[in-house]
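Participant: What follows is coords.cif, mmCIF, N, CA and C atoms.
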```cif
data_work
#
loop_
_atom_site.label_atom_id
_atom_site.label_comp_id
_atom_site.auth_asym_id
_atom_site.auth_seq_id
_atom_site.Cartn_x
_atom_site.Cartn_y
_atom_site.Cartn_z
N MET A 385 26.82 -85.02 5.73
CA MET A 385 26.39 -86.21 5.05
C MET A 385 25.71 -85.83 3.74
N LEU A 386 26.02 -86.56 2.70
CA LEU A 386 25.42 -86.31 1.40
C LEU A 386 24.00 -86.84 1.38
N SER A 387 23.09 -86.03 0.89
CA SER A 387 21.71 -86.51 0.79
C SER A 387 21.12 -86.30 -0.60
N LYS A 388 21.61 -85.27 -1.31
CA LYS A 388 21.09 -84.99 -2.65
C LYS A 388 22.15 -84.30 -3.49
N CYS A 389 21.82 -84.13 -4.74
CA CYS A 389 22.70 -83.44 -5.68
C CYS A 389 23.00 -82.03 -5.16
N ALA A 390 24.26 -81.58 -5.35
CA ALA A 390 24.67 -80.25 -4.89
C ALA A 390 24.03 -79.12 -5.69
N ASN A 391 23.47 -79.45 -6.84
CA ASN A 391 22.76 -78.45 -7.64
C ASN A 391 21.44 -78.16 -6.92
N PRO A 392 21.24 -76.94 -6.44
CA PRO A 392 20.01 -76.63 -5.69
C PRO A 392 18.73 -76.81 -6.50
N ASP A 393 18.83 -76.78 -7.82
CA ASP A 393 17.65 -76.94 -8.67
C ASP A 393 17.35 -78.41 -9.00
N CYS A 394 18.19 -79.33 -8.53
CA CYS A 394 18.03 -80.75 -8.84
C CYS A 394 17.57 -81.52 -7.61
N PRO A 395 16.49 -82.27 -7.71
CA PRO A 395 15.97 -83.02 -6.57
C PRO A 395 16.54 -84.44 -6.42
N THR A 396 17.51 -84.84 -7.27
CA THR A 396 18.00 -86.21 -7.27
C THR A 396 18.67 -86.57 -5.94
N SER A 397 18.24 -87.67 -5.35
CA SER A 397 18.79 -88.15 -4.08
C SER A 397 20.08 -88.93 -4.31
N PHE A 398 21.02 -88.78 -3.38
CA PHE A 398 22.28 -89.52 -3.45
C PHE A 398 22.03 -90.97 -3.04
N ARG A 399 22.51 -91.91 -3.87
CA ARG A 399 22.36 -93.33 -3.54
C ARG A 399 23.68 -94.08 -3.64
N TYR A 400 24.41 -93.89 -4.75
CA TYR A 400 25.63 -94.66 -4.99
C TYR A 400 26.76 -93.74 -5.43
N LEU A 401 27.99 -94.03 -4.99
CA LEU A 401 29.14 -93.23 -5.38
C LEU A 401 29.43 -93.31 -6.88
N HIS A 402 29.14 -94.44 -7.50
CA HIS A 402 29.48 -94.60 -8.92
C HIS A 402 28.50 -93.88 -9.85
N GLU A 403 27.45 -93.30 -9.32
CA GLU A 403 26.50 -92.53 -10.13
C GLU A 403 26.72 -91.05 -9.88
N GLY A 404 27.30 -90.38 -10.83
CA GLY A 404 27.56 -88.95 -10.69
C GLY A 404 29.01 -88.69 -10.39
N LYS A 405 29.28 -87.56 -9.76
CA LYS A 405 30.65 -87.14 -9.48
C LYS A 405 30.74 -86.62 -8.05
N LEU A 406 31.73 -87.11 -7.31
CA LEU A 406 31.95 -86.71 -5.92
C LEU A 406 33.07 -85.68 -5.87
N PHE A 407 32.86 -84.62 -5.11
CA PHE A 407 33.85 -83.56 -4.95
C PHE A 407 34.29 -83.50 -3.50
N ARG A 408 35.60 -83.43 -3.27
CA ARG A 408 36.17 -83.25 -1.93
C ARG A 408 36.73 -81.83 -1.89
N ILE A 409 36.17 -81.00 -1.03
CA ILE A 409 36.57 -79.60 -0.98
C ILE A 409 37.14 -79.28 0.39
N ASP A 410 38.35 -78.74 0.39
CA ASP A 410 39.05 -78.34 1.60
C ASP A 410 38.69 -76.89 1.89
N MET A 411 37.85 -76.69 2.88
CA MET A 411 37.39 -75.34 3.21
C MET A 411 38.17 -74.81 4.40
N LYS A 412 38.85 -73.70 4.19
CA LYS A 412 39.55 -73.06 5.31
C LYS A 412 38.52 -72.33 6.15
N LEU A 413 38.65 -72.45 7.46
CA LEU A 413 37.70 -71.81 8.36
C LEU A 413 37.98 -70.32 8.46
N GLY A 414 36.91 -69.54 8.56
CA GLY A 414 37.05 -68.10 8.71
C GLY A 414 37.52 -67.72 10.10
N ALA A 415 37.79 -66.46 10.31
CA ALA A 415 38.31 -65.99 11.60
C ALA A 415 37.35 -66.28 12.74
N ALA A 416 36.06 -66.10 12.53
CA ALA A 416 35.08 -66.34 13.60
C ALA A 416 35.07 -67.80 14.00
N GLU A 417 35.16 -68.71 13.03
CA GLU A 417 35.16 -70.14 13.33
C GLU A 417 36.47 -70.57 13.97
N SER A 418 37.58 -69.98 13.56
CA SER A 418 38.88 -70.40 14.07
C SER A 418 39.09 -69.97 15.51
N LEU A 419 38.36 -68.96 15.98
CA LEU A 419 38.50 -68.53 17.36
C LEU A 419 38.09 -69.62 18.34
N SER A 420 37.16 -70.46 17.95
CA SER A 420 36.70 -71.51 18.83
C SER A 420 37.62 -72.73 18.81
N THR A 421 38.60 -72.76 17.91
CA THR A 421 39.54 -73.87 17.81
C THR A 421 40.79 -73.53 18.59
N SER A 422 41.12 -74.35 19.58
CA SER A 422 42.31 -74.08 20.37
C SER A 422 43.50 -74.81 19.76
N ILE A 423 44.65 -74.15 19.77
CA ILE A 423 45.88 -74.73 19.24
C ILE A 423 46.88 -74.78 20.38
N THR A 424 47.43 -75.97 20.63
CA THR A 424 48.43 -76.10 21.68
C THR A 424 49.78 -75.66 21.16
N ASP A 425 50.71 -75.41 22.07
CA ASP A 425 52.04 -74.91 21.68
C ASP A 425 52.79 -75.88 20.77
N GLY A 426 52.54 -77.18 20.91
CA GLY A 426 53.25 -78.17 20.12
C GLY A 426 52.73 -78.33 18.70
N GLU A 427 51.56 -77.79 18.40
CA GLU A 427 50.97 -77.93 17.07
C GLU A 427 51.46 -76.85 16.12
N ALA A 428 51.52 -77.19 14.85
CA ALA A 428 51.91 -76.22 13.83
C ALA A 428 50.84 -75.13 13.73
N LYS A 429 51.25 -73.97 13.32
CA LYS A 429 50.34 -72.82 13.22
C LYS A 429 49.69 -72.76 11.84
N LYS A 430 49.12 -73.87 11.39
CA LYS A 430 48.41 -73.91 10.12
C LYS A 430 46.99 -73.39 10.34
N PRO A 431 46.43 -72.75 9.33
CA PRO A 431 45.04 -72.30 9.49
C PRO A 431 44.11 -73.51 9.61
N PRO A 432 43.13 -73.44 10.50
CA PRO A 432 42.19 -74.56 10.64
C PRO A 432 41.42 -74.77 9.34
N ARG A 433 41.02 -76.02 9.10
CA ARG A 433 40.29 -76.31 7.87
C ARG A 433 39.27 -77.41 8.12
N ARG A 434 38.38 -77.52 7.17
CA ARG A 434 37.33 -78.53 7.26
C ARG A 434 37.16 -79.15 5.87
N ILE A 435 37.16 -80.47 5.81
CA ILE A 435 36.97 -81.18 4.55
C ILE A 435 35.47 -81.48 4.42
N GLU A 436 34.90 -81.12 3.27
CA GLU A 436 33.49 -81.42 3.01
C GLU A 436 33.37 -82.12 1.66
N PHE A 437 32.36 -82.97 1.56
CA PHE A 437 32.10 -83.69 0.32
C PHE A 437 30.78 -83.24 -0.28
N PHE A 438 30.80 -83.07 -1.60
CA PHE A 438 29.62 -82.67 -2.35
C PHE A 438 29.48 -83.64 -3.51
N TRP A 439 28.26 -83.84 -3.97
CA TRP A 439 28.00 -84.78 -5.06
C TRP A 439 27.09 -84.15 -6.09
N LEU A 440 27.44 -84.34 -7.36
CA LEU A 440 26.57 -83.95 -8.47
C LEU A 440 26.06 -85.24 -9.11
N CYS A 441 24.77 -85.32 -9.36
CA CYS A 441 24.20 -86.50 -10.02
C CYS A 441 24.76 -86.60 -11.43
N GLN A 442 24.55 -87.74 -12.06
CA GLN A 442 25.09 -87.99 -13.40
C GLN A 442 24.64 -86.94 -14.41
N THR A 443 23.40 -86.57 -14.37
CA THR A 443 22.86 -85.58 -15.31
C THR A 443 23.51 -84.22 -15.11
N CYS A 444 23.58 -83.76 -13.87
CA CYS A 444 24.17 -82.45 -13.58
C CYS A 444 25.68 -82.44 -13.82
N ALA A 445 26.38 -83.54 -13.48
CA ALA A 445 27.83 -83.63 -13.66
C ALA A 445 28.23 -83.55 -15.13
N ALA A 446 27.33 -83.94 -16.03
CA ALA A 446 27.63 -83.87 -17.46
C ALA A 446 27.65 -82.43 -17.96
N GLU A 447 26.99 -81.53 -17.24
CA GLU A 447 26.86 -80.14 -17.68
C GLU A 447 27.44 -79.12 -16.71
N MET A 448 27.73 -79.54 -15.47
CA MET A 448 28.13 -78.58 -14.43
C MET A 448 29.31 -79.09 -13.62
N THR A 449 29.90 -78.19 -12.87
CA THR A 449 30.94 -78.51 -11.92
C THR A 449 30.73 -77.65 -10.68
N LEU A 450 31.52 -77.90 -9.65
CA LEU A 450 31.44 -77.10 -8.43
C LEU A 450 32.70 -76.26 -8.31
N SER A 451 32.56 -75.11 -7.72
CA SER A 451 33.73 -74.28 -7.45
C SER A 451 33.58 -73.69 -6.05
N PHE A 452 34.73 -73.44 -5.42
CA PHE A 452 34.74 -72.85 -4.08
C PHE A 452 35.45 -71.51 -4.14
N GLN A 453 34.80 -70.51 -3.61
CA GLN A 453 35.40 -69.18 -3.50
C GLN A 453 35.29 -68.75 -2.05
N GLU A 454 36.43 -68.38 -1.48
CA GLU A 454 36.44 -67.95 -0.09
C GLU A 454 35.50 -66.76 0.09
N GLY A 455 34.67 -66.83 1.09
CA GLY A 455 33.69 -65.79 1.34
C GLY A 455 32.34 -66.05 0.68
N HIS A 456 32.33 -66.90 -0.35
CA HIS A 456 31.08 -67.22 -1.05
C HIS A 456 30.66 -68.66 -0.84
N GLY A 457 31.62 -69.55 -0.60
CA GLY A 457 31.31 -70.96 -0.41
C GLY A 457 31.32 -71.72 -1.72
N VAL A 458 30.62 -72.83 -1.73
CA VAL A 458 30.56 -73.72 -2.89
C VAL A 458 29.41 -73.31 -3.79
N THR A 459 29.69 -73.18 -5.08
CA THR A 459 28.66 -72.83 -6.04
C THR A 459 28.71 -73.80 -7.22
N VAL A 460 27.58 -73.95 -7.87
CA VAL A 460 27.47 -74.78 -9.07
C VAL A 460 27.62 -73.85 -10.26
N ARG A 461 28.43 -74.28 -11.25
CA ARG A 461 28.55 -73.47 -12.46
C ARG A 461 28.67 -74.37 -13.67
N PRO A 462 28.29 -73.87 -14.83
CA PRO A 462 28.32 -74.68 -16.06
C PRO A 462 29.76 -75.03 -16.46
N LEU A 463 29.94 -76.20 -17.02
CA LEU A 463 31.26 -76.61 -17.52
C LEU A 463 31.74 -75.70 -18.64
N THR A 464 30.83 -75.14 -19.42
CA THR A 464 31.23 -74.27 -20.53
C THR A 464 31.94 -73.02 -20.05
N SER A 465 31.66 -72.56 -18.82
CA SER A 465 32.34 -71.37 -18.32
C SER A 465 33.81 -71.64 -18.06
N ILE A 466 34.19 -72.89 -17.79
CA ILE A 466 35.59 -73.24 -17.59
C ILE A 466 36.34 -73.16 -18.92
N GLY A 467 35.74 -73.68 -19.99
CA GLY A 467 36.36 -73.62 -21.31
C GLY A 467 36.51 -72.19 -21.80
N ALA A 468 35.55 -71.35 -21.49
CA ALA A 468 35.59 -69.95 -21.92
C ALA A 468 36.71 -69.20 -21.21
N ILE A 469 36.98 -69.55 -19.95
CA ILE A 469 38.05 -68.88 -19.19
C ILE A 469 39.41 -69.31 -19.71
N ALA A 470 39.55 -70.58 -20.05
CA ALA A 470 40.83 -71.11 -20.50
C ALA A 470 41.21 -70.59 -21.90
N SER A 471 40.21 -70.22 -22.70
CA SER A 471 40.49 -69.78 -24.08
C SER A 471 41.07 -68.41 -24.13
#
```
Just give me the structure as structure tokens.

Facilitator:
Amino acid sequence: MLSKCANPDCPTSFRYLHEGKLFRIDMKLGAAESLSTSITDGEAKKPPRRIEFFWLCQTCAAEMTLSFQEGHGVTVRPLTSIGAIAS
């Protein structure tokens, strides 16, 4: 459940979807987590996953974005770093 801005340095509480930016991140479960998930013979052999939602307040969303790296999780990074990579 969303309770505050995903930026750990920001104390802004989540109140409305139209204020800020909502992120839907598809997180693949690691080997340790997938061991507890049983798969029946009739199911496809897709890796287990978990959908999580994160929110950046309006102020943080103007300057930052979220990124997911396997093994590191979700991190906040400046928008300018995206432009620098693309150049």

Participant: If I take atom N of Arg434 in chain A and CA of Thr464 in chain A, how far is one from the other in Å, to one decimal?

Facilitator: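 So the answer is 28.8 Å.
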
Participant: With all atoms listed in the file counted, which protein, DNA or RNA residues have an atom no more than 8 Å from (39.0, -76.1, -2.1) in the file frame? Please answer as a PyMOL selection string.

Facilitator: chain A and resi 408-412+451-453

Participant: What does the distance from CA of Phe398 in chain A to atom N of Gln442 in chain A come to in Å, to one decimal?

Facilitator: 9.1 Å

Participant: For the structure shown, which residues end up in the PyMOL selection byres (((chain A and resi 405 and name CA) around 8) and name CA)? Put them as JSON, numbers by chain, please?

Facilitator: {"A": [401, 402, 403, 404, 406, 407, 439, 440, 441, 442, 445]}

Participant: CA of Cys389 in chain A to CA of Glu454 in chain A: how many Å, to one decimal?

Facilitator: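 Calculated distance between CA of Cys389 in chain A and CA of Glu454 in chain A is 21.4 Å.
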